[in-house]
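S.K.: So here's entry-v9.cif, just mmCIF, N, CA and C atoms:
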```cif
data_model
loop_
_atom_site.group_PDB
_atom_site.id
_atom_site.type_symbol
_atom_site.label_atom_id
_atom_site.label_comp_id
_atom_site.auth_asym_id
_atom_site.auth_seq_id
_atom_site.Cartn_x
_atom_site.Cartn_y
_atom_site.Cartn_z
ATOM 1 N N MET A 89 -47.878 -0.443 -64.728
ATOM 2 C CA MET A 89 -48.467 -1.690 -64.302
ATOM 3 C C MET A 89 -48.894 -2.478 -65.538
ATOM 4 N N ASP A 90 -48.514 -3.747 -65.598
ATOM 5 C CA ASP A 90 -48.921 -4.628 -66.685
ATOM 6 C C ASP A 90 -50.182 -5.372 -66.266
ATOM 7 N N THR A 91 -51.114 -5.483 -67.174
ATOM 8 C CA THR A 91 -52.344 -6.198 -66.850
ATOM 9 C C THR A 91 -52.982 -6.742 -68.120
ATOM 10 N N TRP A 92 -53.726 -7.824 -67.987
ATOM 11 C CA TRP A 92 -54.505 -8.368 -69.095
ATOM 12 C C TRP A 92 -55.936 -7.909 -68.900
ATOM 13 N N ARG A 93 -56.595 -7.584 -69.971
ATOM 14 C CA ARG A 93 -57.964 -7.088 -69.899
ATOM 15 C C ARG A 93 -58.870 -7.975 -70.739
ATOM 16 N N MET A 94 -59.902 -8.525 -70.121
ATOM 17 C CA MET A 94 -60.902 -9.290 -70.859
ATOM 18 C C MET A 94 -61.790 -8.303 -71.604
ATOM 19 N N TRP A 95 -62.216 -8.677 -72.788
ATOM 20 C CA TRP A 95 -63.096 -7.820 -73.574
ATOM 21 C C TRP A 95 -63.957 -8.704 -74.460
ATOM 22 N N ARG A 96 -64.982 -8.116 -75.022
ATOM 23 C CA ARG A 96 -65.813 -8.821 -75.989
ATOM 24 C C ARG A 96 -66.407 -7.816 -76.956
ATOM 25 N N ALA A 97 -66.778 -8.315 -78.099
ATOM 26 C CA ALA A 97 -67.431 -7.494 -79.125
ATOM 27 C C ALA A 97 -68.583 -8.317 -79.682
ATOM 28 N N ARG A 98 -69.719 -7.711 -79.781
ATOM 29 C CA ARG A 98 -70.879 -8.405 -80.345
ATOM 30 C C ARG A 98 -71.003 -8.001 -81.808
ATOM 31 N N ARG A 99 -70.918 -8.984 -82.668
ATOM 32 C CA ARG A 99 -70.982 -8.748 -84.108
ATOM 33 C C ARG A 99 -71.860 -9.810 -84.740
ATOM 34 N N THR A 100 -72.500 -9.473 -85.837
ATOM 35 C CA THR A 100 -73.212 -10.451 -86.639
ATOM 36 C C THR A 100 -72.286 -10.833 -87.782
ATOM 37 N N LEU A 101 -71.958 -12.114 -87.861
ATOM 38 C CA LEU A 101 -71.007 -12.586 -88.864
ATOM 39 C C LEU A 101 -71.659 -13.607 -89.781
ATOM 40 N N GLU A 102 -71.269 -13.573 -91.020
ATOM 41 C CA GLU A 102 -71.716 -14.570 -91.987
ATOM 42 C C GLU A 102 -71.050 -15.907 -91.653
ATOM 43 N N PRO A 103 -71.702 -17.031 -91.995
ATOM 44 C CA PRO A 103 -71.056 -18.327 -91.796
ATOM 45 C C PRO A 103 -69.732 -18.394 -92.558
ATOM 46 N N GLY A 104 -68.773 -19.089 -91.970
ATOM 47 C CA GLY A 104 -67.475 -19.255 -92.616
ATOM 48 C C GLY A 104 -66.338 -18.997 -91.663
ATOM 49 N N LEU A 105 -65.141 -18.929 -92.207
ATOM 50 C CA LEU A 105 -63.910 -18.744 -91.448
ATOM 51 C C LEU A 105 -63.663 -17.250 -91.210
ATOM 52 N N HIS A 106 -63.332 -16.900 -89.982
ATOM 53 C CA HIS A 106 -63.068 -15.500 -89.620
ATOM 54 C C HIS A 106 -61.817 -15.431 -88.752
ATOM 55 N N THR A 107 -61.118 -14.302 -88.794
ATOM 56 C CA THR A 107 -59.971 -14.049 -87.934
ATOM 57 C C THR A 107 -60.167 -12.704 -87.249
ATOM 58 N N VAL A 108 -59.971 -12.683 -85.937
ATOM 59 C CA VAL A 108 -60.020 -11.446 -85.160
ATOM 60 C C VAL A 108 -58.601 -11.163 -84.699
ATOM 61 N N THR A 109 -58.151 -9.920 -84.891
ATOM 62 C CA THR A 109 -56.810 -9.506 -84.476
ATOM 63 C C THR A 109 -56.942 -8.297 -83.562
ATOM 64 N N VAL A 110 -56.241 -8.328 -82.435
ATOM 65 C CA VAL A 110 -56.288 -7.230 -81.466
ATOM 66 C C VAL A 110 -54.876 -6.859 -81.026
ATOM 67 N N ARG A 111 -54.745 -5.628 -80.542
ATOM 68 C CA ARG A 111 -53.514 -5.220 -79.881
ATOM 69 C C ARG A 111 -53.854 -4.141 -78.867
ATOM 70 N N ALA A 112 -53.003 -3.958 -77.902
ATOM 71 C CA ALA A 112 -53.281 -3.103 -76.756
ATOM 72 C C ALA A 112 -52.849 -1.661 -76.982
ATOM 73 N N THR A 113 -53.534 -0.751 -76.273
ATOM 74 C CA THR A 113 -53.150 0.656 -76.200
ATOM 75 C C THR A 113 -53.158 1.048 -74.728
ATOM 76 N N ASP A 114 -52.079 1.690 -74.261
ATOM 77 C CA ASP A 114 -52.024 2.058 -72.853
ATOM 78 C C ASP A 114 -52.674 3.417 -72.613
ATOM 79 N N ARG A 115 -52.712 3.818 -71.352
ATOM 80 C CA ARG A 115 -53.361 5.086 -70.984
ATOM 81 C C ARG A 115 -52.716 6.301 -71.626
ATOM 82 N N SER A 116 -51.443 6.177 -71.986
ATOM 83 C CA SER A 116 -50.733 7.294 -72.620
ATOM 84 C C SER A 116 -50.982 7.360 -74.117
ATOM 85 N N GLY A 117 -51.681 6.356 -74.657
ATOM 86 C CA GLY A 117 -51.964 6.331 -76.089
ATOM 87 C C GLY A 117 -50.951 5.566 -76.919
ATOM 88 N N HIS A 118 -49.993 4.914 -76.268
ATOM 89 C CA HIS A 118 -49.002 4.115 -76.992
ATOM 90 C C HIS A 118 -49.614 2.772 -77.356
ATOM 91 N N THR A 119 -49.583 2.438 -78.651
ATOM 92 C CA THR A 119 -50.150 1.182 -79.125
ATOM 93 C C THR A 119 -49.070 0.123 -79.204
ATOM 94 N N GLN A 120 -49.422 -1.082 -78.822
ATOM 95 C CA GLN A 120 -48.518 -2.233 -78.861
ATOM 96 C C GLN A 120 -47.915 -2.363 -80.255
ATOM 97 N N THR A 121 -46.633 -2.590 -80.317
ATOM 98 C CA THR A 121 -45.944 -2.697 -81.597
ATOM 99 C C THR A 121 -46.511 -3.834 -82.438
ATOM 100 N N ALA A 122 -46.527 -3.674 -83.741
ATOM 101 C CA ALA A 122 -46.992 -4.721 -84.641
ATOM 102 C C ALA A 122 -45.882 -5.739 -84.923
ATOM 103 N N ASP A 123 -44.640 -5.389 -84.557
ATOM 104 C CA ASP A 123 -43.512 -6.292 -84.781
ATOM 105 C C ASP A 123 -43.469 -7.361 -83.707
ATOM 106 N N ARG A 124 -43.302 -8.604 -84.129
ATOM 107 C CA ARG A 124 -43.174 -9.711 -83.177
ATOM 108 C C ARG A 124 -41.721 -9.864 -82.773
ATOM 109 N N VAL A 125 -41.493 -10.066 -81.479
ATOM 110 C CA VAL A 125 -40.160 -10.282 -80.944
ATOM 111 C C VAL A 125 -40.121 -11.694 -80.382
ATOM 112 N N GLY A 126 -39.008 -12.362 -80.565
ATOM 113 C CA GLY A 126 -38.865 -13.722 -80.055
ATOM 114 C C GLY A 126 -38.936 -13.774 -78.544
ATOM 115 N N PRO A 127 -39.023 -14.976 -77.974
ATOM 116 C CA PRO A 127 -39.099 -15.122 -76.517
ATOM 117 C C PRO A 127 -37.880 -14.524 -75.828
ATOM 118 N N ILE A 128 -38.119 -13.939 -74.694
ATOM 119 C CA ILE A 128 -37.052 -13.336 -73.889
ATOM 120 C C ILE A 128 -36.968 -14.138 -72.589
ATOM 121 N N ASN A 129 -35.783 -14.616 -72.232
ATOM 122 C CA ASN A 129 -35.644 -15.385 -71.001
ATOM 123 C C ASN A 129 -35.103 -14.507 -69.901
ATOM 124 N N PRO A 130 -35.514 -14.571 -68.648
ATOM 125 C CA PRO A 130 -36.693 -15.345 -68.286
ATOM 126 C C PRO A 130 -37.947 -14.572 -68.657
ATOM 127 N N GLY A 131 -38.844 -15.192 -69.386
ATOM 128 C CA GLY A 131 -40.043 -14.513 -69.863
ATOM 129 C C GLY A 131 -41.101 -14.429 -68.790
ATOM 130 N N PRO A 132 -42.252 -13.947 -69.067
ATOM 131 C CA PRO A 132 -42.508 -13.008 -70.157
ATOM 132 C C PRO A 132 -42.070 -11.603 -69.766
ATOM 133 N N ASP A 133 -41.763 -10.797 -70.737
ATOM 134 C CA ASP A 133 -41.301 -9.433 -70.493
ATOM 135 C C ASP A 133 -42.139 -8.460 -71.314
ATOM 136 N N GLY A 134 -43.433 -8.705 -71.414
ATOM 137 C CA GLY A 134 -44.316 -7.840 -72.190
ATOM 138 C C GLY A 134 -44.630 -8.469 -73.532
ATOM 139 N N SER A 135 -45.774 -8.143 -74.053
ATOM 140 C CA SER A 135 -46.217 -8.710 -75.321
ATOM 141 C C SER A 135 -45.821 -7.826 -76.485
ATOM 142 N N THR A 136 -45.507 -8.467 -77.589
ATOM 143 C CA THR A 136 -45.249 -7.745 -78.827
ATOM 144 C C THR A 136 -46.044 -8.404 -79.927
ATOM 145 N N GLY A 137 -46.396 -7.634 -80.913
ATOM 146 C CA GLY A 137 -47.167 -8.166 -82.023
ATOM 147 C C GLY A 137 -48.628 -8.332 -81.651
ATOM 148 N N PRO A 138 -49.504 -8.234 -82.638
ATOM 149 C CA PRO A 138 -50.929 -8.388 -82.373
ATOM 150 C C PRO A 138 -51.268 -9.844 -82.051
ATOM 151 N N HIS A 139 -52.345 -10.022 -81.310
ATOM 152 C CA HIS A 139 -52.851 -11.361 -81.002
ATOM 153 C C HIS A 139 -53.998 -11.663 -81.955
ATOM 154 N N SER A 140 -53.990 -12.837 -82.569
ATOM 155 C CA SER A 140 -55.050 -13.222 -83.505
ATOM 156 C C SER A 140 -55.633 -14.567 -83.135
ATOM 157 N N ILE A 141 -56.907 -14.736 -83.444
ATOM 158 C CA ILE A 141 -57.578 -16.018 -83.274
ATOM 159 C C ILE A 141 -58.466 -16.236 -84.492
ATOM 160 N N THR A 142 -58.443 -17.449 -85.012
ATOM 161 C CA THR A 142 -59.257 -17.804 -86.174
ATOM 162 C C THR A 142 -60.338 -18.774 -85.719
ATOM 163 N N PHE A 143 -61.559 -18.581 -86.195
ATOM 164 C CA PHE A 143 -62.675 -19.413 -85.783
ATOM 165 C C PHE A 143 -63.656 -19.552 -86.939
ATOM 166 N N THR A 144 -64.545 -20.527 -86.816
ATOM 167 C CA THR A 144 -65.557 -20.786 -87.847
ATOM 168 C C THR A 144 -66.945 -20.515 -87.286
ATOM 169 N N VAL A 145 -67.740 -19.779 -88.039
ATOM 170 C CA VAL A 145 -69.140 -19.557 -87.701
ATOM 171 C C VAL A 145 -69.956 -20.542 -88.514
ATOM 172 N N ALA A 146 -70.791 -21.316 -87.827
ATOM 173 C CA ALA A 146 -71.601 -22.328 -88.517
ATOM 174 C C ALA A 146 -72.926 -21.731 -88.976
#
```
Written as structure tokens, how would this file's structure read?
M.R.:
Amino acid sequence: MDTWRMWRARRTLEPGLHTVTVRATDRSGHTQTADRVGPINPGPDGSTGPHSITFTVA
């Protein structure tokens, strides 16, 4: 079964630019590949590569 999971982490960060990178691990212990694969039609057919977001702490 494919599913998206909301999560959060509470951290104290210094002001400035930060990047958070995540990737999934299934119940069997298999971790999402770090290699990015191009779009597959008809998509989506599972995620590849880590997901990153960059943000600024004021």
S.K.: Determine, counting all atoms listed in the file, every residue of protein, DNA or RNA that lies within 5 Å of (-44.5, -11.9, -81.3) in the file coordinates, then give the result as a PyMOL selection string.
M.R.: chain A and resi 124-125+136-137
S.K.: Rounded to one decimal place, report the CA of Gln120 (chain A)-CA of Phe143 (chain A) distance in Å.
M.R.: 23.3 Å
S.K.: What's the separation between atom C of Thr107 (chain A) and atom C of Asp123 (chain A), in Å to one decimal place?
M.R.: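 Those two atoms sit 17.9 Å apart.
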S.K.: Taking all atoms listed in the file into account, which of A:Thr144, A:Ser116, A:Ala122, A:Pro138 comes nearest Pro103 (chain A)?
M.R.: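 Ranked by minimum distance to Pro103 (chain A), first place goes to A:Thr144.
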S.K.: Quote the spacing between CA of Val108 (chain A) and atom C of Thr142 (chain A) in Å to one decimal place.
M.R.: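 So the two atoms, CA of Val108 (chain A) and atom C of Thr142 (chain A), lie 7.4 Å apart.
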S.K.: Which polymer residues have any atom within 7 Å of an atom of Glu102 (chain A), counting only N, CA and C atoms, with same-chain residues fewer than 3 positions away left out, as a list in words?
M.R.: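 The residues that qualify are Leu105, Val145 and Ala146 of chain A.
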S.K.: Quick one: region 135-146 of chain A from the block, all heavy atoms, as a PDB file, in the first residue's frame.
M.R.:
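The result, written out as part.pdb:
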```
ATOM      1  N   SER A 135       7.615   7.428  -5.552  1.00  0.00           N
ATOM      2  CA  SER A 135       8.598   8.499  -5.441  1.00  0.00           C
ATOM      3  C   SER A 135      10.009   7.949  -5.450  1.00  0.00           C
ATOM      4  O   SER A 135      10.270   6.872  -4.938  1.00  0.00           O
ATOM      5  CB  SER A 135       8.385   9.272  -4.143  1.00  0.00           C
ATOM      6  OG  SER A 135       7.186   9.982  -4.197  1.00  0.00           O
ATOM      7  N   THR A 136      10.899   8.711  -6.046  1.00  0.00           N
ATOM      8  CA  THR A 136      12.317   8.381  -6.004  1.00  0.00           C
ATOM      9  C   THR A 136      13.074   9.626  -5.612  1.00  0.00           C
ATOM     10  O   THR A 136      12.627  10.746  -5.854  1.00  0.00           O
ATOM     11  CB  THR A 136      12.832   7.887  -7.369  1.00  0.00           C
ATOM     12  OG1 THR A 136      12.619   8.906  -8.331  1.00  0.00           O
ATOM     13  CG2 THR A 136      12.153   6.601  -7.784  1.00  0.00           C
ATOM     14  N   GLY A 137      14.200   9.433  -4.991  1.00  0.00           N
ATOM     15  CA  GLY A 137      15.008  10.563  -4.566  1.00  0.00           C
ATOM     16  C   GLY A 137      14.444  11.203  -3.313  1.00  0.00           C
ATOM     17  O   GLY A 137      13.259  11.137  -3.045  1.00  0.00           O
ATOM     18  N   PRO A 138      15.312  11.804  -2.513  1.00  0.00           N
ATOM     19  CA  PRO A 138      14.857  12.453  -1.290  1.00  0.00           C
ATOM     20  C   PRO A 138      14.079  13.731  -1.610  1.00  0.00           C
ATOM     21  O   PRO A 138      14.271  14.343  -2.652  1.00  0.00           O
ATOM     22  CB  PRO A 138      16.151  12.776  -0.552  1.00  0.00           C
ATOM     23  CG  PRO A 138      17.200  12.800  -1.607  1.00  0.00           C
ATOM     24  CD  PRO A 138      16.756  11.865  -2.670  1.00  0.00           C
ATOM     25  N   HIS A 139      13.204  14.103  -0.696  1.00  0.00           N
ATOM     26  CA  HIS A 139      12.456  15.356  -0.815  1.00  0.00           C
ATOM     27  C   HIS A 139      13.142  16.400   0.055  1.00  0.00           C
ATOM     28  O   HIS A 139      13.477  16.129   1.206  1.00  0.00           O
ATOM     29  CB  HIS A 139      11.023  15.165  -0.345  1.00  0.00           C
ATOM     30  CG  HIS A 139      10.239  16.436  -0.330  1.00  0.00           C
ATOM     31  ND1 HIS A 139       9.809  17.056  -1.484  1.00  0.00           N
ATOM     32  CD2 HIS A 139       9.833  17.212   0.691  1.00  0.00           C
ATOM     33  CE1 HIS A 139       9.156  18.141  -1.167  1.00  0.00           C
ATOM     34  NE2 HIS A 139       9.162  18.268   0.151  1.00  0.00           N
ATOM     35  N   SER A 140      13.374  17.587  -0.485  1.00  0.00           N
ATOM     36  CA  SER A 140      14.030  18.659   0.270  1.00  0.00           C
ATOM     37  C   SER A 140      13.213  19.930   0.220  1.00  0.00           C
ATOM     38  O   SER A 140      12.509  20.189  -0.760  1.00  0.00           O
ATOM     39  CB  SER A 140      15.408  18.971  -0.321  1.00  0.00           C
ATOM     40  OG  SER A 140      16.276  17.891  -0.177  1.00  0.00           O
ATOM     41  N   ILE A 141      13.313  20.710   1.283  1.00  0.00           N
ATOM     42  CA  ILE A 141      12.695  22.029   1.332  1.00  0.00           C
ATOM     43  C   ILE A 141      13.686  22.975   1.996  1.00  0.00           C
ATOM     44  O   ILE A 141      14.353  22.605   2.960  1.00  0.00           O
ATOM     45  CB  ILE A 141      11.340  22.008   2.065  1.00  0.00           C
ATOM     46  CG1 ILE A 141      10.670  23.376   1.957  1.00  0.00           C
ATOM     47  CG2 ILE A 141      11.485  21.556   3.497  1.00  0.00           C
ATOM     48  CD1 ILE A 141       9.222  23.384   2.397  1.00  0.00           C
ATOM     49  N   THR A 142      13.820  24.160   1.430  1.00  0.00           N
ATOM     50  CA  THR A 142      14.725  25.175   1.970  1.00  0.00           C
ATOM     51  C   THR A 142      13.884  26.311   2.533  1.00  0.00           C
ATOM     52  O   THR A 142      12.881  26.708   1.933  1.00  0.00           O
ATOM     53  CB  THR A 142      15.667  25.699   0.879  1.00  0.00           C
ATOM     54  OG1 THR A 142      16.429  24.582   0.376  1.00  0.00           O
ATOM     55  CG2 THR A 142      16.637  26.737   1.414  1.00  0.00           C
ATOM     56  N   PHE A 143      14.258  26.814   3.700  1.00  0.00           N
ATOM     57  CA  PHE A 143      13.495  27.862   4.354  1.00  0.00           C
ATOM     58  C   PHE A 143      14.441  28.761   5.139  1.00  0.00           C
ATOM     59  O   PHE A 143      15.585  28.412   5.402  1.00  0.00           O
ATOM     60  CB  PHE A 143      12.435  27.271   5.281  1.00  0.00           C
ATOM     61  CG  PHE A 143      13.003  26.374   6.349  1.00  0.00           C
ATOM     62  CD1 PHE A 143      13.279  26.876   7.612  1.00  0.00           C
ATOM     63  CD2 PHE A 143      13.262  25.045   6.093  1.00  0.00           C
ATOM     64  CE1 PHE A 143      13.815  26.054   8.589  1.00  0.00           C
ATOM     65  CE2 PHE A 143      13.794  24.209   7.054  1.00  0.00           C
ATOM     66  CZ  PHE A 143      14.063  24.729   8.323  1.00  0.00           C
ATOM     67  N   THR A 144      13.934  29.926   5.517  1.00  0.00           N
ATOM     68  CA  THR A 144      14.722  30.901   6.281  1.00  0.00           C
ATOM     69  C   THR A 144      14.117  31.081   7.665  1.00  0.00           C
ATOM     70  O   THR A 144      12.907  31.241   7.799  1.00  0.00           O
ATOM     71  CB  THR A 144      14.740  32.263   5.568  1.00  0.00           C
ATOM     72  OG1 THR A 144      15.293  32.068   4.265  1.00  0.00           O
ATOM     73  CG2 THR A 144      15.579  33.279   6.321  1.00  0.00           C
ATOM     74  N   VAL A 145      14.963  31.030   8.676  1.00  0.00           N
ATOM     75  CA  VAL A 145      14.553  31.327  10.044  1.00  0.00           C
ATOM     76  C   VAL A 145      14.940  32.766  10.322  1.00  0.00           C
ATOM     77  O   VAL A 145      16.096  33.155  10.116  1.00  0.00           O
ATOM     78  CB  VAL A 145      15.245  30.373  11.057  1.00  0.00           C
ATOM     79  CG1 VAL A 145      14.920  30.785  12.484  1.00  0.00           C
ATOM     80  CG2 VAL A 145      14.842  28.933  10.792  1.00  0.00           C
ATOM     81  N   ALA A 146      13.965  33.559  10.757  1.00  0.00           N
ATOM     82  CA  ALA A 146      14.227  34.979  11.021  1.00  0.00           C
ATOM     83  C   ALA A 146      14.693  35.179  12.459  1.00  0.00           C
ATOM     84  O   ALA A 146      14.379  34.436  13.340  1.00  0.00           O
ATOM     85  CB  ALA A 146      12.969  35.790  10.771  1.00  0.00           C
TER      86      ALA A 146
END
```
